[in-house]
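**Q** Input my_file_35.txt, format and content: compact mmCIF, C-alpha atoms.
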```txt
# COMPACT_ATOMS: atom_id res chain seq x y z
CA MET A 6 0.00 0.00 0.00
CA ASP A 7 1.40 3.39 -0.99
CA SER A 8 1.92 6.15 1.55
CA VAL A 9 1.76 9.56 -0.09
CA LEU A 10 2.27 13.17 0.98
CA ILE A 11 -0.54 15.29 -0.46
CA ASP A 12 0.60 18.83 -1.24
CA THR A 13 -1.43 22.01 -0.74
CA ASP A 14 -2.40 22.41 -4.39
CA VAL A 15 -3.98 18.95 -4.49
CA ILE A 16 -6.07 19.64 -1.40
CA LEU A 17 -7.18 22.98 -2.84
CA ASP A 18 -8.05 21.34 -6.18
CA PHE A 19 -10.36 19.08 -4.21
CA PHE A 20 -11.96 21.76 -2.01
CA PHE A 21 -12.33 24.36 -4.77
CA GLU A 22 -13.25 21.76 -7.41
CA ARG A 23 -10.66 23.26 -9.75
CA GLU A 24 -10.94 21.74 -13.18
CA PRO A 25 -9.43 19.75 -14.77
CA PHE A 26 -7.54 18.76 -11.60
CA ALA A 27 -10.39 18.06 -9.17
CA GLU A 28 -11.18 14.65 -10.67
CA TYR A 29 -7.73 13.29 -9.80
CA ALA A 30 -7.57 14.97 -6.39
CA THR A 31 -10.97 13.48 -5.57
CA GLU A 32 -9.76 10.04 -6.64
CA VAL A 33 -6.71 10.33 -4.37
CA PHE A 34 -8.94 11.17 -1.41
CA ARG A 35 -11.36 8.37 -2.32
CA ARG A 36 -8.46 5.95 -2.16
CA CYS A 37 -7.45 7.36 1.22
CA GLU A 38 -10.99 7.01 2.52
CA GLU A 39 -11.20 3.42 1.29
CA LYS A 40 -7.78 2.70 2.82
CA LEU A 41 -6.26 1.76 -0.53
CA ILE A 42 -3.47 4.27 0.15
CA VAL A 43 -2.33 6.15 3.24
CA GLY A 44 -2.46 9.89 2.70
CA TYR A 45 -0.44 12.36 4.72
CA THR A 46 -0.21 16.10 4.98
CA THR A 47 1.92 18.39 7.13
CA PRO A 48 1.03 21.03 9.73
CA VAL A 49 2.26 23.69 7.29
CA ILE A 50 -0.05 22.41 4.55
CA VAL A 51 -3.00 22.40 6.96
CA SER A 52 -2.19 25.99 7.90
CA ASN A 53 -1.93 27.03 4.24
CA VAL A 54 -5.20 25.33 3.36
CA TYR A 55 -6.95 26.99 6.29
CA TYR A 56 -5.62 30.40 5.26
CA LEU A 57 -6.71 30.02 1.63
CA LEU A 58 -10.12 28.51 2.41
CA LYS A 59 -10.76 31.24 4.99
CA LYS A 60 -10.73 33.79 2.15
CA THR A 61 -13.94 32.24 0.80
CA ALA A 62 -15.76 30.88 3.85
CA ASN A 63 -16.23 31.54 7.56
CA HIS A 64 -13.96 30.11 10.23
CA GLN A 65 -16.36 27.42 11.45
CA LEU A 66 -17.02 26.03 7.97
CA VAL A 67 -13.30 25.93 7.17
CA VAL A 68 -12.55 24.19 10.46
CA GLU A 69 -15.26 21.58 9.77
CA LYS A 70 -13.91 20.91 6.26
CA ILE A 71 -10.38 20.44 7.58
CA LYS A 72 -11.61 18.16 10.38
CA GLN A 73 -13.44 16.04 7.80
CA LEU A 74 -10.28 15.83 5.72
CA LEU A 75 -8.28 14.73 8.75
CA THR A 76 -10.61 11.77 9.28
CA ILE A 77 -9.14 10.18 6.14
CA ILE A 78 -5.53 11.41 6.08
CA GLU A 79 -2.71 11.62 8.62
CA VAL A 80 -0.46 14.54 9.61
CA THR A 81 3.32 14.11 9.60
CA GLU A 82 5.48 15.51 12.33
CA MET A 83 7.69 18.53 11.92
CA ASN A 84 10.49 19.06 14.37
CA LYS A 85 13.85 20.77 14.64
CA ASP A 86 15.55 18.09 12.52
CA VAL A 87 13.09 18.69 9.68
CA VAL A 88 13.62 22.45 9.88
CA VAL A 89 17.41 22.16 9.94
CA GLU A 90 17.39 19.73 6.99
CA ALA A 91 15.16 22.14 5.07
CA LEU A 92 17.41 25.09 5.88
CA ASN A 93 20.50 23.17 4.78
CA SER A 94 18.94 21.78 1.61
CA GLU A 95 19.27 22.90 -1.97
CA PHE A 96 15.53 23.46 -2.30
CA LYS A 97 14.76 26.92 -3.67
CA ASP A 98 11.54 27.17 -1.65
CA PHE A 99 11.82 26.69 2.12
CA GLU A 100 8.19 25.62 2.48
CA ASP A 101 8.62 22.86 -0.11
CA ALA A 102 11.79 21.77 1.68
CA LEU A 103 9.82 21.51 4.93
CA GLN A 104 7.19 19.32 3.23
CA ASN A 105 9.86 17.13 1.66
CA PHE A 106 11.91 16.53 4.80
CA SER A 107 8.82 15.96 6.91
CA ALA A 108 7.88 13.21 4.45
CA VAL A 109 11.42 11.79 4.45
CA GLN A 110 11.56 11.74 8.25
CA ASN A 111 8.22 9.90 8.31
CA ARG A 112 9.95 6.93 6.60
CA MET A 113 6.62 5.51 5.40
CA ILE A 114 5.99 8.08 2.70
CA SER A 115 7.50 7.22 -0.67
CA ILE A 116 5.59 9.58 -2.98
CA ILE A 117 4.80 13.29 -2.98
CA LEU A 118 1.62 14.17 -4.87
CA THR A 119 1.72 17.71 -6.22
CA ARG A 120 1.03 19.62 -9.40
CA ASN A 121 4.25 21.57 -8.85
CA ILE A 122 6.69 18.81 -9.76
CA LYS A 123 9.54 21.25 -10.45
CA ASP A 124 9.39 22.52 -6.87
CA PHE A 125 10.47 19.08 -5.65
CA LYS A 126 13.21 18.29 -8.16
CA LYS A 127 15.72 18.08 -5.28
CA SER A 128 13.65 15.42 -3.51
CA ASN A 129 14.85 11.84 -3.16
CA LEU A 130 11.22 10.70 -3.03
CA ALA A 131 9.08 9.96 -6.07
CA VAL A 132 7.18 13.09 -7.09
CA MET A 133 4.03 12.81 -9.22
CA THR A 134 0.96 14.72 -10.19
CA PRO A 135 -2.28 13.19 -8.92
CA GLU A 136 -3.21 12.51 -12.55
CA THR A 137 -0.01 10.54 -13.23
CA TYR A 138 -0.40 8.66 -9.96
CA VAL A 139 -4.06 7.75 -10.51
CA LYS A 140 -3.54 6.69 -14.12
CA GLY A 141 -0.47 4.62 -13.21
CA SER A 142 -1.95 2.67 -10.34
```
I'd like the structure from this file rewritten - as structure tokens, please.

**A**
Amino acid sequence: MDSVLIDTDVILDFFFEREPFAEYATEVFRRCEEKLIVGYTTPVIVSNVYYLLKKTANHQLVVEKIKQLLTIIEVTEMNKDVVVEALNSEFKDFEDALQNFSAVQNRMISIILTRNIKDFKKSNLAVMTPETYVKGS
């Protein structure tokens, strides 16, 4: 069973039903819900999703949506080691480095699902779009 880190853009594709990406994001979350894969996110991603959803809905609705999401996916840990690895990495974007090293530290995650593949070119994990992942598995 695959364990995947689900990046911010994939979660937003799902919540905002952004076409043509929502279909694949929805399929990823369906697989998480049916326990065909184990989906993970990070505290930073949850914070980003909250911030962006809050621009379109009230606090309580956003909190409920995130709570529902967290019933089907897990949250990785972020600690000093993750932050130091991110700071010392060759990633151009610190936030992406945090996501990557949180996934690496988890040791179960082997794939990062994102639409921003280029942002993770320094990752040692497999990096795929949800579309590529869904069509390939």

**Q** For A:Asp124, please output as a list in words all residues within 10 Å (counting only C-alpha atoms; exclusion window: fewer than 4 positions along the same chain).

**A**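 Within the cut-off, the hits are Phe96, Lys97, Asp98, Glu100, Asp101, Ala102, Thr119, Arg120, Ser128 and Val132 of chain A.
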
**Q** Show me, as a PyMOL selection string, the residues that have an atom within 10 Å of A:Val109 when counting all atoms listed in the file, minus same-chain residues fewer than 3 positions from it.

**A** chain A and resi 10+81+87+103-106+112-116+128-130

**Q** Find the residues around A:Asp86 up to 10 Å (only C-alpha atoms counted), leave out those fewer than 4 positions away in its own chain, and share them as number ranges by chain.

**A** A: 90-92, 106-107, 110

**Q** Residues within 12 Å of (-2.4, 22.7, 8.1), file coordinates, counting only C-alpha atoms: what are they? Give the list as number ranges by chain.

**A** A: 11-13, 16-17, 45-58, 67-68, 70-72, 74-75, 78-83, 104

**Q** In Å, with one decimal, what is the gap from atom CA of A:Tyr29 to atom CA of A:Leu41?

**A**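 If I compute the distance from atom CA of A:Tyr29 to atom CA of A:Leu41, I get 14.9 Å.
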
**Q** So how far away is atom CA of A:Phe21 from atom CA of A:Thr61, in Å?

**A**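 These two atoms are separated by 9.8 Å.
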